[in-house]
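Structure record follows, encoded as structure tokens.
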Amino acid sequence: MTRLAACTIGAAALIGSLLTAAPAFADTLPTCASLATPGLGQPASELVYIQAGDTQTNLLKQLGRKLRDNTAKPITLVFFTSGSCTNITAMYTQVPVTVNMTYIPSLLEDPLWTPSSAPLNCTVPTPGGQPLDVGNSAVFISSCPAMTPPETVKATTGPIQAYVLGVPESSTQTAITYEEAYFVFGYGAAGMIDPWIKVTNLWIRTASKSTLLTWAANISVPANKFQGGCGSGGGAGSGCGASAQVVAGLQNNADPESAIGLLGDEVYDADRAFLNILAFRAKGQYAAYYPDKTASSRDKQNIRDGHYTVWSPTVWMYNINAATQAPTNPTAKYVVDMIDGVPVSPAPSFEPDTVVAGVGLVPDCAMHVAREFDGGPLSLYTPPASCTCTFEKTVASTSCAPCSVATPCAGTAVCRNNLCEAN
Amino acid sequence: MTLKMLLICLPLAAGLGCGDNLNGVGKDAGTHVDSSVPKDGSGSGSNIIPPDASCFELSTITSPTNNQIINACSDSDKIYKDSHPPLLGSDGSLPPLP
């Protein structure tokens, strides 16, 4: 390392420690609004206030870091997580956030922050709370209690979110069928599906969470009928409020063979070191499949081609002017477009689809199947501009042919990101 | 085990694990992983199981059904589970939830 490089890193660390230590030293949190003008070398930043499902936390952490460091257009994501149905209601009825929100520091502010670190807290205005710019649901809106969508909210379809059944790493179980899951979560111990016969060891989420709602739709057990809890066995009303509780419940389980829990696939991806998942055999399916090609790969092949059926598209909402359809906050649309895989201007200093793929989500452009509602039948799907090859190269490897201006693709294939995509 | 026995037993095992055979009653739940790539895609209706219960070749089907998509030929790991939930109806139906 050169002396200049060492000095640069040292100076950045010092400034970062000053920036992040100051609020702690004063024993007060910064206001979220103050994040727009942090000073001390950190450029001014546009703020986007988001309420999202906690399955999207890894995405928001990774994206939050890159956007606060986005040279062309610095943006700070200020976010709060809650259940998907709660988030839809919050956007539709303009419910402000009245508790502390979180954000991710820039590289300058905290060089040592990593995606496994906790987000930082900031305070919202009191009284009144913080109005939202963006809302997220990780389940079809139709799976939540019916509400008339206001003309002032634009809902878009984002990356695909899969859901899994996790078990402790020491469990010997490898697969579960649609029928078994129906009896496990619909009957509890009375379902007699060995070894999942201990209702206090069925780790579920509450009924407003996308994780439970998507599983409910895929195993024909209504959300309010779910057996299990968060270690208590009291049913969906006593399900875990956060994915982290399910992870902890499985990880530290005294009876690992009987333990099973509902998780977002990307939550599992971040916790593979100490959890396993079960392959799932859907209704009418001949074999059980993992979301990925194998238990250890990360290619999401079976989500993309329809062999793993427990998934839902994420929905990202932002406010618009009802008359003009223009976004109330164009930066909110910029962020949503980025997540949805829509090109944005100015181009960011990173590749958004790579961030999406890196956290275990599947961009719509890499999907080969689609559905109209949760648990609904699958049909073949061709995205407007395929990114299958790029996705595969990002998460694993691809067999797609390389291409360039000098060596174009054969036939009707399209050269995109130097790989021959089908369309 | 001879090669001949393997050739006879493997399709039978696959048939038991793959088909919509939900008539059994018991608590046996054996599993096995199969990374092979069966290539049989005959049959077209959503309730029709291919003769060897292997898979559908989607490239030969104009508008595949959900059943054909989820049972399409694949090089992914497949886990065949011989499952017989005790409360499953004799006709394979699920009883109402309590």
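Chains: A, B, ... in order of the structure tokens. Residues: from 1 per chain. Ligands: from 1, in order shown.
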Find the residues of chain A that sit at most 7 Å from chain B; for each, write down the nearest two atoms and how far apart they are in Å, to one decimal. Count only C-alpha atoms. Sort by chain, then by number going up, and give it as CSV.
```
residue,atom,partner,partner_atom,distance
A:Ala175,CA,B:Ile79,CA,6.9
A:Glu180,CA,B:Pro85,CA,6.4
A:Gly186,CA,B:Leu97,CA,6.1
A:Tyr187,CA,B:Leu97,CA,6.8
A:Gly191,CA,B:Leu87,CA,6.8
A:Met192,CA,B:Pro86,CA,6.8
A:Ile193,CA,B:Pro85,CA,6.3
A:Gly284,CA,B:Asp20,CA,6.0
A:Gln285,CA,B:Asn71,CA,6.0
A:Tyr286,CA,B:Cys18,CA,3.5
A:Ala287,CA,B:Tyr80,CA,5.0
A:Ala288,CA,B:Ile79,CA,5.0
A:Tyr289,CA,B:Lys78,CA,5.6
A:Lys293,CA,B:Ser76,CA,4.5
A:Thr294,CA,B:Asp77,CA,5.4
A:Gly306,CA,B:Ile70,CA,5.5
A:His307,CA,B:Ile70,CA,4.7
A:Pro377,CA,B:Asn66,CA,5.4
A:Leu378,CA,B:Asn66,CA,5.0
A:Ser379,CA,B:Asn66,CA,6.3
```
In stretch 171-371 of chain A, DSSP alpha helix (DSSP H) residues written as a count of residues only: 58
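Across the model, the gap from atom CA of A:Gly234 to atom CA of A:Asn201 is 10.9 Å.
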Find the spatial neighbours of A:Ala162, counting only C-alpha atoms, within a cut-off of 10 Å - ignore same-chain residues fewer than 6 positions away - and output them as a compact mmCIF listing (two decimals) with all heavy atoms, in the first residue's frame.
```txt
# COMPACT_ATOMS: atom_id res chain seq x y z
N THR A 55 -38.42 -8.49 4.60
CA THR A 55 -37.68 -9.33 3.65
C THR A 55 -36.83 -8.48 2.72
O THR A 55 -35.90 -8.99 2.09
CB THR A 55 -38.65 -10.17 2.79
OG1 THR A 55 -39.61 -9.29 2.21
CG2 THR A 55 -39.35 -11.24 3.62
N ALA A 138 -44.28 -7.29 -0.39
CA ALA A 138 -43.57 -8.44 -0.97
C ALA A 138 -44.56 -9.56 -1.27
O ALA A 138 -44.23 -10.74 -1.22
CB ALA A 138 -42.47 -8.91 -0.03
N VAL A 139 -45.78 -9.17 -1.55
CA VAL A 139 -46.84 -10.12 -1.87
C VAL A 139 -47.80 -9.39 -2.81
O VAL A 139 -47.85 -8.15 -2.84
CB VAL A 139 -47.53 -10.57 -0.57
CG1 VAL A 139 -48.33 -9.44 0.06
CG2 VAL A 139 -48.40 -11.77 -0.77
N THR A 211 -44.46 -13.23 4.01
CA THR A 211 -43.93 -14.58 4.15
C THR A 211 -45.06 -15.57 4.47
O THR A 211 -45.17 -16.64 3.86
CB THR A 211 -42.86 -14.62 5.25
OG1 THR A 211 -41.91 -13.59 5.01
CG2 THR A 211 -42.16 -15.96 5.28
N THR A 214 -47.87 -15.60 1.48
CA THR A 214 -47.50 -16.35 0.28
C THR A 214 -47.54 -17.85 0.54
O THR A 214 -48.04 -18.62 -0.28
CB THR A 214 -46.10 -15.92 -0.21
OG1 THR A 214 -46.09 -14.51 -0.40
CG2 THR A 214 -45.78 -16.58 -1.55
N TRP A 215 -47.02 -18.24 1.70
CA TRP A 215 -47.13 -19.67 2.03
C TRP A 215 -48.60 -20.10 2.15
O TRP A 215 -48.99 -21.18 1.70
CB TRP A 215 -46.35 -19.99 3.32
CG TRP A 215 -44.92 -20.37 3.02
CD1 TRP A 215 -43.81 -19.64 3.29
CD2 TRP A 215 -44.48 -21.55 2.35
NE1 TRP A 215 -42.70 -20.29 2.82
CE2 TRP A 215 -43.07 -21.47 2.24
CE3 TRP A 215 -45.12 -22.67 1.83
CZ2 TRP A 215 -42.30 -22.47 1.64
CZ3 TRP A 215 -44.36 -23.68 1.21
CH2 TRP A 215 -42.97 -23.56 1.13
N LEU A 263 -39.57 -18.38 6.06
CA LEU A 263 -38.58 -17.34 5.81
C LEU A 263 -38.64 -16.85 4.37
O LEU A 263 -39.04 -17.59 3.47
CB LEU A 263 -37.16 -17.87 6.06
CG LEU A 263 -36.73 -18.11 7.51
CD1 LEU A 263 -35.40 -18.84 7.54
CD2 LEU A 263 -36.63 -16.78 8.26
N GLY A 264 -38.18 -15.62 4.17
CA GLY A 264 -37.93 -15.16 2.81
C GLY A 264 -36.67 -15.86 2.32
O GLY A 264 -35.73 -16.10 3.09
N ASP A 265 -36.64 -16.18 1.03
CA ASP A 265 -35.49 -16.89 0.49
C ASP A 265 -34.20 -16.08 0.64
O ASP A 265 -33.13 -16.63 0.89
CB ASP A 265 -35.75 -17.20 -1.00
CG ASP A 265 -34.69 -18.11 -1.60
OD1 ASP A 265 -34.10 -18.92 -0.86
OD2 ASP A 265 -34.44 -18.00 -2.82
N GLU A 266 -34.33 -14.76 0.48
CA GLU A 266 -33.11 -13.95 0.58
C GLU A 266 -32.66 -13.81 2.03
O GLU A 266 -31.48 -13.58 2.28
CB GLU A 266 -33.32 -12.59 -0.11
CG GLU A 266 -33.87 -11.49 0.74
CD GLU A 266 -35.22 -11.81 1.35
OE1 GLU A 266 -35.97 -12.62 0.79
OE2 GLU A 266 -35.49 -11.29 2.42
N VAL A 267 -33.60 -13.99 2.98
CA VAL A 267 -33.21 -14.02 4.38
C VAL A 267 -32.38 -15.28 4.63
O VAL A 267 -31.30 -15.24 5.25
CB VAL A 267 -34.44 -14.00 5.31
CG1 VAL A 267 -34.02 -14.17 6.77
CG2 VAL A 267 -35.21 -12.69 5.13
N PRO A 291 -35.30 -23.71 -4.27
CA PRO A 291 -35.38 -22.52 -5.13
C PRO A 291 -34.24 -22.48 -6.15
O PRO A 291 -34.41 -21.98 -7.25
CB PRO A 291 -35.25 -21.36 -4.13
CG PRO A 291 -35.68 -21.94 -2.82
CD PRO A 291 -35.25 -23.37 -2.85
N LYS A 300 -31.12 -19.57 -8.44
CA LYS A 300 -32.57 -19.35 -8.49
C LYS A 300 -33.22 -19.98 -9.74
O LYS A 300 -34.27 -19.52 -10.19
CB LYS A 300 -32.92 -17.86 -8.42
CG LYS A 300 -32.26 -17.10 -7.28
CD LYS A 300 -32.62 -17.66 -5.94
CE LYS A 300 -31.81 -17.07 -4.82
NZ LYS A 300 -31.81 -17.90 -3.60
N ILE A 303 -36.91 -21.09 -9.39
CA ILE A 303 -37.87 -19.99 -9.31
C ILE A 303 -38.11 -19.46 -10.72
O ILE A 303 -39.24 -19.23 -11.14
CB ILE A 303 -37.33 -18.86 -8.41
CG1 ILE A 303 -37.08 -19.36 -7.00
CG2 ILE A 303 -38.30 -17.67 -8.40
CD1 ILE A 303 -36.31 -18.36 -6.13
N TYR A 308 -39.89 -24.26 -8.65
CA TYR A 308 -40.14 -23.88 -7.26
C TYR A 308 -41.23 -22.81 -7.29
O TYR A 308 -41.06 -21.75 -7.90
CB TYR A 308 -38.87 -23.33 -6.59
CG TYR A 308 -39.06 -23.12 -5.10
CD1 TYR A 308 -38.92 -24.17 -4.20
CD2 TYR A 308 -39.44 -21.87 -4.60
CE1 TYR A 308 -39.13 -23.98 -2.84
CE2 TYR A 308 -39.65 -21.68 -3.25
CZ TYR A 308 -39.49 -22.74 -2.38
OH TYR A 308 -39.71 -22.56 -1.02
N THR A 309 -42.34 -23.11 -6.65
CA THR A 309 -43.56 -22.33 -6.90
C THR A 309 -43.90 -21.28 -5.84
O THR A 309 -44.83 -20.50 -6.04
CB THR A 309 -44.76 -23.28 -7.01
OG1 THR A 309 -44.86 -24.02 -5.78
CG2 THR A 309 -44.58 -24.26 -8.17
N VAL A 310 -43.19 -21.27 -4.74
CA VAL A 310 -43.58 -20.38 -3.63
C VAL A 310 -42.87 -19.04 -3.78
O VAL A 310 -41.78 -18.81 -3.22
CB VAL A 310 -43.28 -21.03 -2.27
CG1 VAL A 310 -43.91 -20.19 -1.15
CG2 VAL A 310 -43.81 -22.45 -2.22
N TRP A 311 -43.45 -18.18 -4.56
CA TRP A 311 -42.87 -16.85 -4.78
C TRP A 311 -43.96 -15.86 -5.13
O TRP A 311 -45.07 -16.22 -5.49
CB TRP A 311 -41.81 -16.89 -5.89
CG TRP A 311 -42.26 -17.40 -7.23
CD1 TRP A 311 -42.08 -18.66 -7.72
CD2 TRP A 311 -42.95 -16.67 -8.26
NE1 TRP A 311 -42.62 -18.76 -8.98
CE2 TRP A 311 -43.16 -17.55 -9.34
CE3 TRP A 311 -43.41 -15.36 -8.37
CZ2 TRP A 311 -43.81 -17.17 -10.52
CZ3 TRP A 311 -44.07 -14.97 -9.54
CH2 TRP A 311 -44.25 -15.89 -10.60
N SER A 312 -43.57 -14.60 -5.00
CA SER A 312 -44.49 -13.52 -5.32
C SER A 312 -43.65 -12.36 -5.85
O SER A 312 -42.51 -12.18 -5.43
CB SER A 312 -45.21 -13.09 -4.04
OG SER A 312 -46.12 -12.06 -4.31
N PRO A 313 -44.19 -11.57 -6.77
CA PRO A 313 -43.45 -10.38 -7.17
C PRO A 313 -43.53 -9.33 -6.07
O PRO A 313 -44.54 -9.23 -5.38
CB PRO A 313 -44.19 -9.91 -8.43
CG PRO A 313 -45.56 -10.44 -8.28
CD PRO A 313 -45.46 -11.72 -7.50
N THR A 314 -42.46 -8.59 -5.89
CA THR A 314 -42.54 -7.46 -4.96
C THR A 314 -43.28 -6.32 -5.67
O THR A 314 -43.26 -6.21 -6.89
CB THR A 314 -41.14 -6.98 -4.54
OG1 THR A 314 -40.38 -6.66 -5.71
CG2 THR A 314 -40.42 -8.05 -3.75
N GLY A 360 -30.45 -12.14 -3.48
CA GLY A 360 -31.33 -13.30 -3.56
C GLY A 360 -32.66 -13.05 -4.22
O GLY A 360 -33.52 -13.92 -4.25
N LEU A 361 -32.86 -11.85 -4.75
CA LEU A 361 -34.09 -11.57 -5.50
C LEU A 361 -33.85 -11.87 -6.98
O LEU A 361 -32.70 -11.93 -7.43
CB LEU A 361 -34.50 -10.11 -5.32
CG LEU A 361 -34.79 -9.66 -3.89
CD1 LEU A 361 -34.96 -8.15 -3.82
CD2 LEU A 361 -36.03 -10.35 -3.36
N VAL A 362 -34.92 -12.03 -7.73
CA VAL A 362 -34.80 -12.32 -9.17
C VAL A 362 -35.43 -11.18 -9.95
O VAL A 362 -36.64 -10.94 -9.84
CB VAL A 362 -35.50 -13.65 -9.53
CG1 VAL A 362 -35.33 -13.93 -11.03
CG2 VAL A 362 -34.95 -14.79 -8.70
```
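Take atom CA of A:Ala254 and atom CA of A:Ile176: the distance between them is 21.3 Å.
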Å distance separating atom CA of A:Arg304 from atom CA of A:Cys389, one decimal place: 12.2 Å
DSSP strand (DSSP E or B) residues within stretch 187-262 of chain A, listed as a VMD selection string: chain A and resid 202 to 203 205 229 240 260 to 262
Put those residues in a file: C-alpha atoms, as a PDB file, in the first residue's frame.
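Dumped to out35.pdb:
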```
ATOM      1  CA  LEU A 202     -43.544 -24.193  14.118  1.00  0.00           C
ATOM      2  CA  TRP A 203     -42.024 -20.742  13.612  1.00  0.00           C
ATOM      3  CA  ARG A 205     -44.995 -14.892  10.921  1.00  0.00           C
ATOM      4  CA  GLY A 229     -46.208 -19.051  16.614  1.00  0.00           C
ATOM      5  CA  CYS A 240     -42.906 -13.644  14.797  1.00  0.00           C
ATOM      6  CA  ILE A 260     -39.480 -25.593  10.953  1.00  0.00           C
ATOM      7  CA  GLY A 261     -39.971 -21.925  10.084  1.00  0.00           C
ATOM      8  CA  LEU A 262     -41.219 -19.583   7.365  1.00  0.00           C
TER       9      LEU A 262
END
```
